[in-house]
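**Q** File follows, start-v2.txt with compact mmCIF, C-alpha atoms:
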# COMPACT_ATOMS: atom_id res chain seq x y z
CA MET Z 1 0.00 0.00 0.00
CA GLY Z 2 1.04 3.61 -0.54
CA GLN Z 3 1.20 6.13 2.24
CA PRO Z 4 -1.98 7.68 3.68
CA ALA Z 5 -3.14 11.02 2.34
CA ALA Z 6 -2.74 12.47 5.85
CA VAL Z 7 -2.25 11.55 9.49
CA LEU Z 8 -4.81 13.02 11.88
CA PHE Z 9 -3.66 13.14 15.49
CA ASP Z 10 -5.77 13.45 18.61
CA MET Z 11 -4.02 15.40 21.39
CA ASP Z 12 -4.96 14.62 25.02
CA GLY Z 13 -3.84 11.14 25.94
CA THR Z 14 -2.43 10.55 22.46
CA LEU Z 15 0.40 13.05 22.04
CA VAL Z 16 0.58 14.57 25.53
CA ASP Z 17 -0.20 12.90 28.85
CA SER Z 18 -2.71 15.59 29.75
CA GLU Z 19 -5.70 13.44 30.70
CA LYS Z 20 -4.17 13.22 34.18
CA LEU Z 21 -4.14 17.03 34.32
CA TRP Z 22 -7.82 17.12 33.36
CA THR Z 23 -8.48 14.72 36.23
CA ILE Z 24 -6.75 17.12 38.63
CA ALA Z 25 -8.81 20.07 37.40
CA LEU Z 26 -12.08 18.15 37.48
CA ASP Z 27 -11.41 16.78 40.96
CA ASP Z 28 -10.51 20.28 42.14
CA TYR Z 29 -13.78 21.67 40.79
CA ALA Z 30 -15.74 18.87 42.42
CA ALA Z 31 -14.05 19.61 45.76
CA HIS Z 32 -14.70 23.33 45.24
CA ARG Z 33 -18.42 22.48 44.98
CA GLY Z 34 -18.31 20.21 48.02
CA GLY Z 35 -18.37 16.87 46.21
CA SER Z 36 -16.23 14.32 44.44
CA LEU Z 37 -16.12 13.02 40.88
CA SER Z 38 -16.91 9.33 40.49
CA PRO Z 39 -14.36 7.21 38.58
CA GLN Z 40 -16.95 5.95 36.06
CA VAL Z 41 -18.08 9.46 35.14
CA ARG Z 42 -14.47 10.57 34.77
CA GLU Z 43 -13.90 7.64 32.40
CA ASP Z 44 -17.00 8.61 30.42
CA MET Z 45 -15.54 12.10 29.93
CA VAL Z 46 -12.34 10.93 28.23
CA GLY Z 47 -12.27 12.24 24.68
CA SER Z 48 -15.32 14.46 25.17
CA ASN Z 49 -15.61 18.19 24.64
CA MET Z 50 -15.88 20.72 27.46
CA THR Z 51 -19.67 21.14 27.33
CA ARG Z 52 -20.44 17.43 27.57
CA SER Z 53 -17.82 16.93 30.27
CA MET Z 54 -19.21 19.77 32.38
CA ARG Z 55 -22.75 18.42 32.04
CA LEU Z 56 -21.58 14.99 33.18
CA LEU Z 57 -19.66 16.57 36.05
CA LEU Z 58 -22.58 18.64 37.30
CA VAL Z 59 -25.01 15.72 37.09
CA ASP Z 60 -22.53 13.53 38.98
CA LEU Z 61 -22.31 16.18 41.70
CA GLY Z 62 -26.10 16.53 41.89
CA LEU Z 63 -25.94 20.16 40.77
CA PRO Z 64 -28.07 22.09 38.24
CA GLU Z 65 -26.95 21.55 34.63
CA GLY Z 66 -28.44 24.50 32.80
CA PRO Z 67 -26.46 26.49 30.20
CA SER Z 68 -25.27 29.09 32.71
CA GLU Z 69 -24.14 26.43 35.18
CA ILE Z 70 -22.29 24.56 32.43
CA ALA Z 71 -20.62 27.79 31.27
CA GLY Z 72 -19.59 28.64 34.82
CA ALA Z 73 -18.10 25.21 35.43
CA ALA Z 74 -16.31 25.31 32.07
CA SER Z 75 -14.80 28.70 32.88
CA TRP Z 76 -13.56 27.48 36.28
CA VAL Z 77 -12.05 24.29 34.87
CA ALA Z 78 -10.47 26.16 31.94
CA ARG Z 79 -8.74 28.57 34.33
CA ARG Z 80 -7.42 25.66 36.37
CA MET Z 81 -6.26 23.87 33.22
CA THR Z 82 -4.50 27.01 32.04
CA ARG Z 83 -2.39 26.95 35.19
CA LEU Z 84 -1.71 23.22 34.85
CA PHE Z 85 -0.80 23.47 31.15
CA GLY Z 86 1.47 26.37 32.02
CA GLU Z 87 3.47 24.11 34.33
CA GLY Z 88 4.42 21.91 31.37
CA LEU Z 89 2.95 19.05 29.38
CA PRO Z 90 4.59 15.60 29.39
CA TRP Z 91 4.80 13.79 26.06
CA ARG Z 92 3.20 10.39 25.61
CA PRO Z 93 5.77 7.67 24.81
CA GLY Z 94 6.90 7.90 21.20
CA ALA Z 95 4.77 10.96 20.41
CA GLU Z 96 7.61 13.39 19.74
CA GLU Z 97 9.26 10.89 17.41
CA ALA Z 98 5.93 10.21 15.69
CA LEU Z 99 5.50 13.87 14.78
CA ARG Z 100 9.09 14.06 13.57
CA ARG Z 101 8.70 10.95 11.39
CA THR Z 102 5.50 12.15 9.76
CA LYS Z 103 7.27 15.35 8.76
CA GLU Z 104 10.30 13.45 7.48
CA LEU Z 105 8.00 11.28 5.36
CA GLY Z 106 6.25 14.34 3.94
CA LEU Z 107 2.85 13.30 5.29
CA PRO Z 108 0.27 16.07 5.78
CA THR Z 109 -0.83 16.23 9.40
CA ALA Z 110 -3.73 17.60 11.42
CA LEU Z 111 -4.35 17.98 15.13
CA VAL Z 112 -7.97 17.03 15.89
CA THR Z 113 -8.78 17.68 19.53
CA SER Z 114 -11.83 18.16 21.76
CA THR Z 115 -9.86 20.72 23.76
CA ILE Z 116 -10.77 24.39 23.34
CA ARG Z 117 -8.57 26.65 21.22
CA PRO Z 118 -6.92 28.69 24.03
CA LEU Z 119 -5.68 25.53 25.79
CA THR Z 120 -4.70 23.91 22.48
CA ASP Z 121 -2.56 26.91 21.63
CA MET Z 122 -0.78 26.48 24.96
CA ALA Z 123 -0.25 22.79 24.22
CA LEU Z 124 1.22 23.70 20.83
CA ASP Z 125 4.03 25.45 22.68
CA THR Z 126 5.09 21.89 23.60
CA LEU Z 127 3.94 20.04 20.48
CA GLY Z 128 5.28 22.65 18.08
CA HIS Z 129 3.13 25.16 16.23
CA ASP Z 130 4.66 23.97 12.96
CA SER Z 131 4.06 20.28 13.69
CA PHE Z 132 0.63 20.33 11.99
CA ASP Z 133 -0.68 21.66 8.71
CA VAL Z 134 -4.10 22.32 10.28
CA THR Z 135 -5.63 22.17 13.76
CA VAL Z 136 -9.29 21.56 14.64
CA CYS Z 137 -10.36 22.29 18.22
CA GLY Z 138 -13.42 21.35 20.23
CA ASP Z 139 -14.91 24.84 20.06
CA GLU Z 140 -14.55 25.02 16.26
CA VAL Z 141 -17.01 22.35 15.07
CA ASP Z 142 -20.36 24.04 15.80
CA GLY Z 143 -21.14 21.67 18.64
CA LYS Z 144 -20.61 18.55 16.52
CA ASN Z 145 -17.93 17.15 18.78
CA LYS Z 146 -16.50 13.68 19.04
CA PRO Z 147 -18.00 11.04 18.73
CA ASP Z 148 -19.64 12.95 15.85
CA PRO Z 149 -17.49 12.55 12.70
CA GLU Z 150 -17.37 16.31 12.04
CA PRO Z 151 -13.98 17.02 13.72
CA TYR Z 152 -12.24 14.51 11.44
CA LEU Z 153 -14.32 15.45 8.40
CA LYS Z 154 -13.39 19.10 8.94
CA ALA Z 155 -9.69 18.26 9.23
CA ALA Z 156 -9.86 16.30 5.97
CA ARG Z 157 -11.68 19.17 4.24
CA LEU Z 158 -9.06 21.66 5.40
CA LEU Z 159 -6.30 19.40 4.10
CA GLY Z 160 -8.15 18.69 0.85
CA VAL Z 161 -8.04 14.92 1.29
CA ASP Z 162 -10.53 12.05 1.46
CA PRO Z 163 -10.93 10.90 5.09
CA ALA Z 164 -11.06 7.31 3.83
CA ASP Z 165 -7.43 7.76 2.76
CA CYS Z 166 -6.36 9.05 6.20
CA VAL Z 167 -5.08 7.41 9.35
CA ALA Z 168 -6.35 8.86 12.62
CA VAL Z 169 -4.37 8.32 15.82
CA GLU Z 170 -6.61 8.11 18.89
CA ASP Z 171 -6.60 6.95 22.51
CA SER Z 172 -10.27 6.97 23.60
CA PRO Z 173 -13.49 5.18 22.60
CA THR Z 174 -15.08 8.56 21.90
CA GLY Z 175 -12.27 9.64 19.59
CA VAL Z 176 -12.07 6.28 17.84
CA ALA Z 177 -15.82 6.39 17.18
CA SER Z 178 -15.50 9.87 15.67
CA ALA Z 179 -12.65 8.90 13.37
CA GLU Z 180 -14.31 5.67 12.26
CA ALA Z 181 -17.59 7.47 11.58
CA ALA Z 182 -15.65 9.87 9.34
CA GLY Z 183 -14.31 6.89 7.40
CA CYS Z 184 -10.72 7.01 8.62
CA ALA Z 185 -8.55 4.03 9.42
CA VAL Z 186 -7.66 4.29 13.10
CA LEU Z 187 -4.43 3.63 14.93
CA ALA Z 188 -5.79 3.08 18.45
CA ILE Z 189 -3.40 3.46 21.38
CA PRO Z 190 -5.21 3.38 24.74
CA CYS Z 191 -4.15 5.68 27.53
CA GLU Z 192 -6.67 6.04 30.36
CA VAL Z 193 -9.48 3.86 28.97
CA PRO Z 194 -9.26 0.38 27.40
CA LEU Z 195 -9.97 0.00 23.68
CA GLU Z 196 -11.34 -2.98 21.81
CA ASP Z 197 -10.27 -4.23 18.39
CA GLY Z 198 -12.36 -3.47 15.31
CA PRO Z 199 -12.36 -3.81 11.51
CA ARG Z 200 -11.08 -0.29 10.80
CA ARG Z 201 -8.74 0.05 13.74
CA THR Z 202 -5.30 -1.25 14.63
CA LEU Z 203 -4.44 -1.54 18.32
CA ARG Z 204 -0.95 -0.78 19.59
CA HIS Z 205 0.37 -0.42 23.14
CA SER Z 206 2.40 2.70 22.34
CA LEU Z 207 3.44 4.99 19.52
CA THR Z 208 6.90 3.49 19.96
CA ASP Z 209 5.45 0.28 18.45
CA VAL Z 210 4.41 2.02 15.21
CA ASP Z 211 6.35 2.02 11.93
CA PHE Z 212 5.19 5.28 10.39
CA ALA Z 213 6.79 4.38 7.06
CA ALA Z 214 4.24 1.52 6.84
CA LEU Z 215 1.10 3.46 7.82
CA GLY Z 216 -0.38 2.78 4.40
CA ASP Z 217 -0.83 -0.85 5.43
CA LEU Z 218 -3.57 0.30 7.83
CA LEU Z 219 -5.66 1.46 4.87
CA ALA Z 220 -5.93 -2.06 3.43
CA PRO Z 221 -9.47 -3.45 3.78
CA ALA Z 222 -9.99 -6.02 6.50
CA ALA Z 223 -9.74 -9.62 5.33
Starting from the file, give its structure as structure tokens.
**A**
Amino acid sequence: MGQPAAVLFDMDGTLVDSEKLWTIALDDYAAHRGGSLSPQVREDMVGSNMTRSMRLLLVDLGLPEGPSEIAGAASWVARRMTRLFGEGLPWRPGAEEALRRTKELGLPTALVTSTIRPLTDMALDTLGHDSFDVTVCGDEVDGKNKPDPEPYLKAARLLGVDPADCVAVEDSPTGVASAEAAGCAVLAIPCEVPLEDGPRRTLRHSLTDVDFAALGDLLAPAA
């Protein structure tokens, strides 16, 4: 097989080990409101956008979940995440090398994240602002967030490629569902939440296990 038309990378839990920072911020907000976040609800949030995560959080805490309450919780958590991101973002194993190899191979790349633009821009200080040809953030898809296919469809449109010719790199069930719904082949590398095998996905333990020169093999139809 030839190389994919593009490689579409998720961010949190895929390239940077930031899901643990989200857990800190969410736990801090829960404590601020006099409660605690249940492990199952935290797991359900992985890969989700801010609005859905805040709704889940407020319901879990037994608090009102109207638009103003969601906006208030999102603002609080975003401020906390800004401080945490500012303290530095650790790379996921093999992620820095993965971005370098895609550039060496001349593969177009996109960052497709559920994180809002201001926090993504901070993360790009670590990832490299020139590491991606396009970036699509969670507040830039008109509410059609993962697991909706729109984030990956938008990235493909911006790159001018067919999503069926792309490989998406994801770590969460929500993100994998989004990429698969868009028609992408998926390189699935779990971080905080287990992932199951599937016909359009290839499971790996780490990005260090991936031969990026052979990504085109992932586009072959399942036997």
**Q** Calculate how many Å separate atom CA of Leu84 of chain Z from atom CA of Ala25 of chain Z, rounding to one decimal.
**A**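 Separation of atom CA of Leu84 of chain Z and atom CA of Ala25 of chain Z: 8.2 Å.
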**Q** For the atom pair atom CA of Gly160 of chain Z and atom CA of Leu105 of chain Z, what is the interatomic distance in Å to one decimal place?
**A** 18.3 Å
**Q** Take the point (-13.5, 11.8, 30.3) in the file's coordinates, draw a sphere of radius 10 Å around it, and report as a list in words every protein, DNA or RNA residue with an atom inside or on it, counting all atoms listed in the file.
**A** Glu19, Trp22, Thr23, Leu26, Pro39, Gln40, Val41, Arg42, Glu43, Asp44, Met45, Val46, Gly47, Ser48, Asn49, Met50, Arg52, Ser53, Leu56, Leu57, Ser172, Thr174, Glu192 and Val193 of chain Z
**Q** Next, the residues of the selection above should be written as a PDB file, keeping the file's coordinate frame with C-alpha atoms.
**A**
ATOM      1  CA  GLU Z  19      -5.700  13.440  30.700  1.00  0.00           C
ATOM      2  CA  TRP Z  22      -7.820  17.120  33.360  1.00  0.00           C
ATOM      3  CA  THR Z  23      -8.480  14.720  36.230  1.00  0.00           C
ATOM      4  CA  LEU Z  26     -12.080  18.150  37.480  1.00  0.00           C
ATOM      5  CA  PRO Z  39     -14.360   7.210  38.580  1.00  0.00           C
ATOM      6  CA  GLN Z  40     -16.950   5.950  36.060  1.00  0.00           C
ATOM      7  CA  VAL Z  41     -18.080   9.460  35.140  1.00  0.00           C
ATOM      8  CA  ARG Z  42     -14.470  10.570  34.770  1.00  0.00           C
ATOM      9  CA  GLU Z  43     -13.900   7.640  32.400  1.00  0.00           C
ATOM     10  CA  ASP Z  44     -17.000   8.610  30.420  1.00  0.00           C
ATOM     11  CA  MET Z  45     -15.540  12.100  29.930  1.00  0.00           C
ATOM     12  CA  VAL Z  46     -12.340  10.930  28.230  1.00  0.00           C
ATOM     13  CA  GLY Z  47     -12.270  12.240  24.680  1.00  0.00           C
ATOM     14  CA  SER Z  48     -15.320  14.460  25.170  1.00  0.00           C
ATOM     15  CA  ASN Z  49     -15.610  18.190  24.640  1.00  0.00           C
ATOM     16  CA  MET Z  50     -15.880  20.720  27.460  1.00  0.00           C
ATOM     17  CA  ARG Z  52     -20.440  17.430  27.570  1.00  0.00           C
ATOM     18  CA  SER Z  53     -17.820  16.930  30.270  1.00  0.00           C
ATOM     19  CA  LEU Z  56     -21.580  14.990  33.180  1.00  0.00           C
ATOM     20  CA  LEU Z  57     -19.660  16.570  36.050  1.00  0.00           C
ATOM     21  CA  SER Z 172     -10.270   6.970  23.600  1.00  0.00           C
ATOM     22  CA  THR Z 174     -15.080   8.560  21.900  1.00  0.00           C
ATOM     23  CA  GLU Z 192      -6.670   6.040  30.360  1.00  0.00           C
ATOM     24  CA  VAL Z 193      -9.480   3.860  28.970  1.00  0.00           C
TER      25      VAL Z 193
END
**Q** Go through Z:Pro163, Z:Gly35, Z:Pro64, Z:Pro173 and flag the residue nearest Ala110 of chain Z, using all atoms listed in the file for the distances.
**A** Z:Pro163
**Q** Taking 3 positions as the minimum chain separation for residues in the same chain, which residues sit within 12 Å of Asp28 of chain Z when counting only C-alpha atoms? Answer as a PDB file with C-alpha atoms, in the frame of the given file.
**A**
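part02.pdb, freshly written:
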ATOM      1  CA  LEU Z  21      -4.140  17.030  34.320  1.00  0.00           C
ATOM      2  CA  TRP Z  22      -7.820  17.120  33.360  1.00  0.00           C
ATOM      3  CA  THR Z  23      -8.480  14.720  36.230  1.00  0.00           C
ATOM      4  CA  ILE Z  24      -6.750  17.120  38.630  1.00  0.00           C
ATOM      5  CA  ALA Z  25      -8.810  20.070  37.400  1.00  0.00           C
ATOM      6  CA  ALA Z  31     -14.050  19.610  45.760  1.00  0.00           C
ATOM      7  CA  HIS Z  32     -14.700  23.330  45.240  1.00  0.00           C
ATOM      8  CA  ARG Z  33     -18.420  22.480  44.980  1.00  0.00           C
ATOM      9  CA  GLY Z  34     -18.310  20.210  48.020  1.00  0.00           C
ATOM     10  CA  GLY Z  35     -18.370  16.870  46.210  1.00  0.00           C
ATOM     11  CA  SER Z  36     -16.230  14.320  44.440  1.00  0.00           C
ATOM     12  CA  LEU Z  37     -16.120  13.020  40.880  1.00  0.00           C
ATOM     13  CA  LEU Z  57     -19.660  16.570  36.050  1.00  0.00           C
ATOM     14  CA  ALA Z  73     -18.100  25.210  35.430  1.00  0.00           C
ATOM     15  CA  TRP Z  76     -13.560  27.480  36.280  1.00  0.00           C
ATOM     16  CA  VAL Z  77     -12.050  24.290  34.870  1.00  0.00           C
ATOM     17  CA  ALA Z  78     -10.470  26.160  31.940  1.00  0.00           C
ATOM     18  CA  ARG Z  79      -8.740  28.570  34.330  1.00  0.00           C
ATOM     19  CA  ARG Z  80      -7.420  25.660  36.370  1.00  0.00           C
ATOM     20  CA  MET Z  81      -6.260  23.870  33.220  1.00  0.00           C
ATOM     21  CA  LEU Z  84      -1.710  23.220  34.850  1.00  0.00           C
TER      22      LEU Z  84
END
**Q** Rounded to one decimal, what separation in Å do you get between atom CA of Glu140 of chain Z and atom CA of Thr115 of chain Z?
**A**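 Between atom CA of Glu140 of chain Z and atom CA of Thr115 of chain Z the gap is 9.8 Å.
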**Q** If you count only C-alpha atoms, which residues fall within 12 Å of Arg100 of chain Z, apart from same-chain ones fewer than 4 positions away, as a PDB file with C-alpha atoms, in the coordinates of the input?
**A**
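Result written to result_4.pdb:
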ATOM      1  CA  GLY Z  94       6.900   7.900  21.200  1.00  0.00           C
ATOM      2  CA  ALA Z  95       4.770  10.960  20.410  1.00  0.00           C
ATOM      3  CA  GLU Z  96       7.610  13.390  19.740  1.00  0.00           C
ATOM      4  CA  GLU Z 104      10.300  13.450   7.480  1.00  0.00           C
ATOM      5  CA  LEU Z 105       8.000  11.280   5.360  1.00  0.00           C
ATOM      6  CA  GLY Z 106       6.250  14.340   3.940  1.00  0.00           C
ATOM      7  CA  LEU Z 107       2.850  13.300   5.290  1.00  0.00           C
ATOM      8  CA  PRO Z 108       0.270  16.070   5.780  1.00  0.00           C
ATOM      9  CA  THR Z 109      -0.830  16.230   9.400  1.00  0.00           C
ATOM     10  CA  LEU Z 127       3.940  20.040  20.480  1.00  0.00           C
ATOM     11  CA  GLY Z 128       5.280  22.650  18.080  1.00  0.00           C
ATOM     12  CA  ASP Z 130       4.660  23.970  12.960  1.00  0.00           C
ATOM     13  CA  SER Z 131       4.060  20.280  13.690  1.00  0.00           C
ATOM     14  CA  PHE Z 132       0.630  20.330  11.990  1.00  0.00           C
ATOM     15  CA  PHE Z 212       5.190   5.280  10.390  1.00  0.00           C
ATOM     16  CA  ALA Z 213       6.790   4.380   7.060  1.00  0.00           C
TER      17      ALA Z 213
END
**Q** Find the residue from Z:Arg201, Z:Pro149, Z:Cys191, Z:Thr120 that sits nearest to Pro93 of chain Z; use only C-alpha atoms when measuring.
**A**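 Result for the nearest residue to Pro93 of chain Z: Z:Cys191.
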**Q** Which residue, Z:Leu219, Z:Ile116, Z:Ala164, Z:Leu159, has the smallest gap to Cys184 of chain Z when you use all atoms listed in the file?
**A**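 The answer is Z:Ala164, which sits nearest to Cys184 of chain Z.
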**Q** Quick one: of Z:Gly88, Z:Gly62, Z:Gly72, Z:Gly2, who's nearest to Val16 of chain Z, counting only C-alpha atoms?
**A**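 Under the stated criterion, the closest residue is Z:Gly88.
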**Q** Can you list, as number ranges by chain, every protein, DNA or RNA residue that comes within 12 Å of Ser68 of chain Z when you count only C-alpha atoms, leaving out same-chain residues fewer than 5 positions away?
**A** Z: 51, 54-55, 58, 73-75
**Q** Considering all atoms listed in the file, state which residue in the set Z:Ala185, Z:Ala214, Z:Leu195, Z:Met11 is at the smallest distance from Leu99 of chain Z.
**A**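 Counting all atoms listed in the file, the residue closest to Leu99 of chain Z is Z:Met11.
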**Q** Here's a test: counting all atoms listed in the file, identify every protein, DNA and RNA residue with an atom at most 12 Å from (2.2, 0.8, 11.6) in the file's coordinate frame, and state them as an NGL selection string.
**A** :Z and (1 or 3-4 or 7 or 98 or 102 or 167-169 or 185-189 or 201-220)
**Q** Counting all atoms listed in the file, figure out which residue out of Z:Gly143, Z:Pro90, Z:Gly66, Z:Gly198 gets nearest to Lys20 of chain Z.
**A**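 Comparing Z:Gly143, Z:Pro90, Z:Gly66, Z:Gly198 against Lys20 of chain Z, the winner is Z:Pro90.
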**Q** I'd like the box whose edges run along x, y and z of the file and which contains every listed atom of segment 94-108 of chain Z, padded by 3 Å per side; could you state its centre and edge lengths in Å, one decimal, as lines of an AutoDock Vina configuration file?
**A**
center_x = 5.3
center_y = 12.0
center_z = 12.6
size_x = 16.0
size_y = 14.2
size_z = 23.3
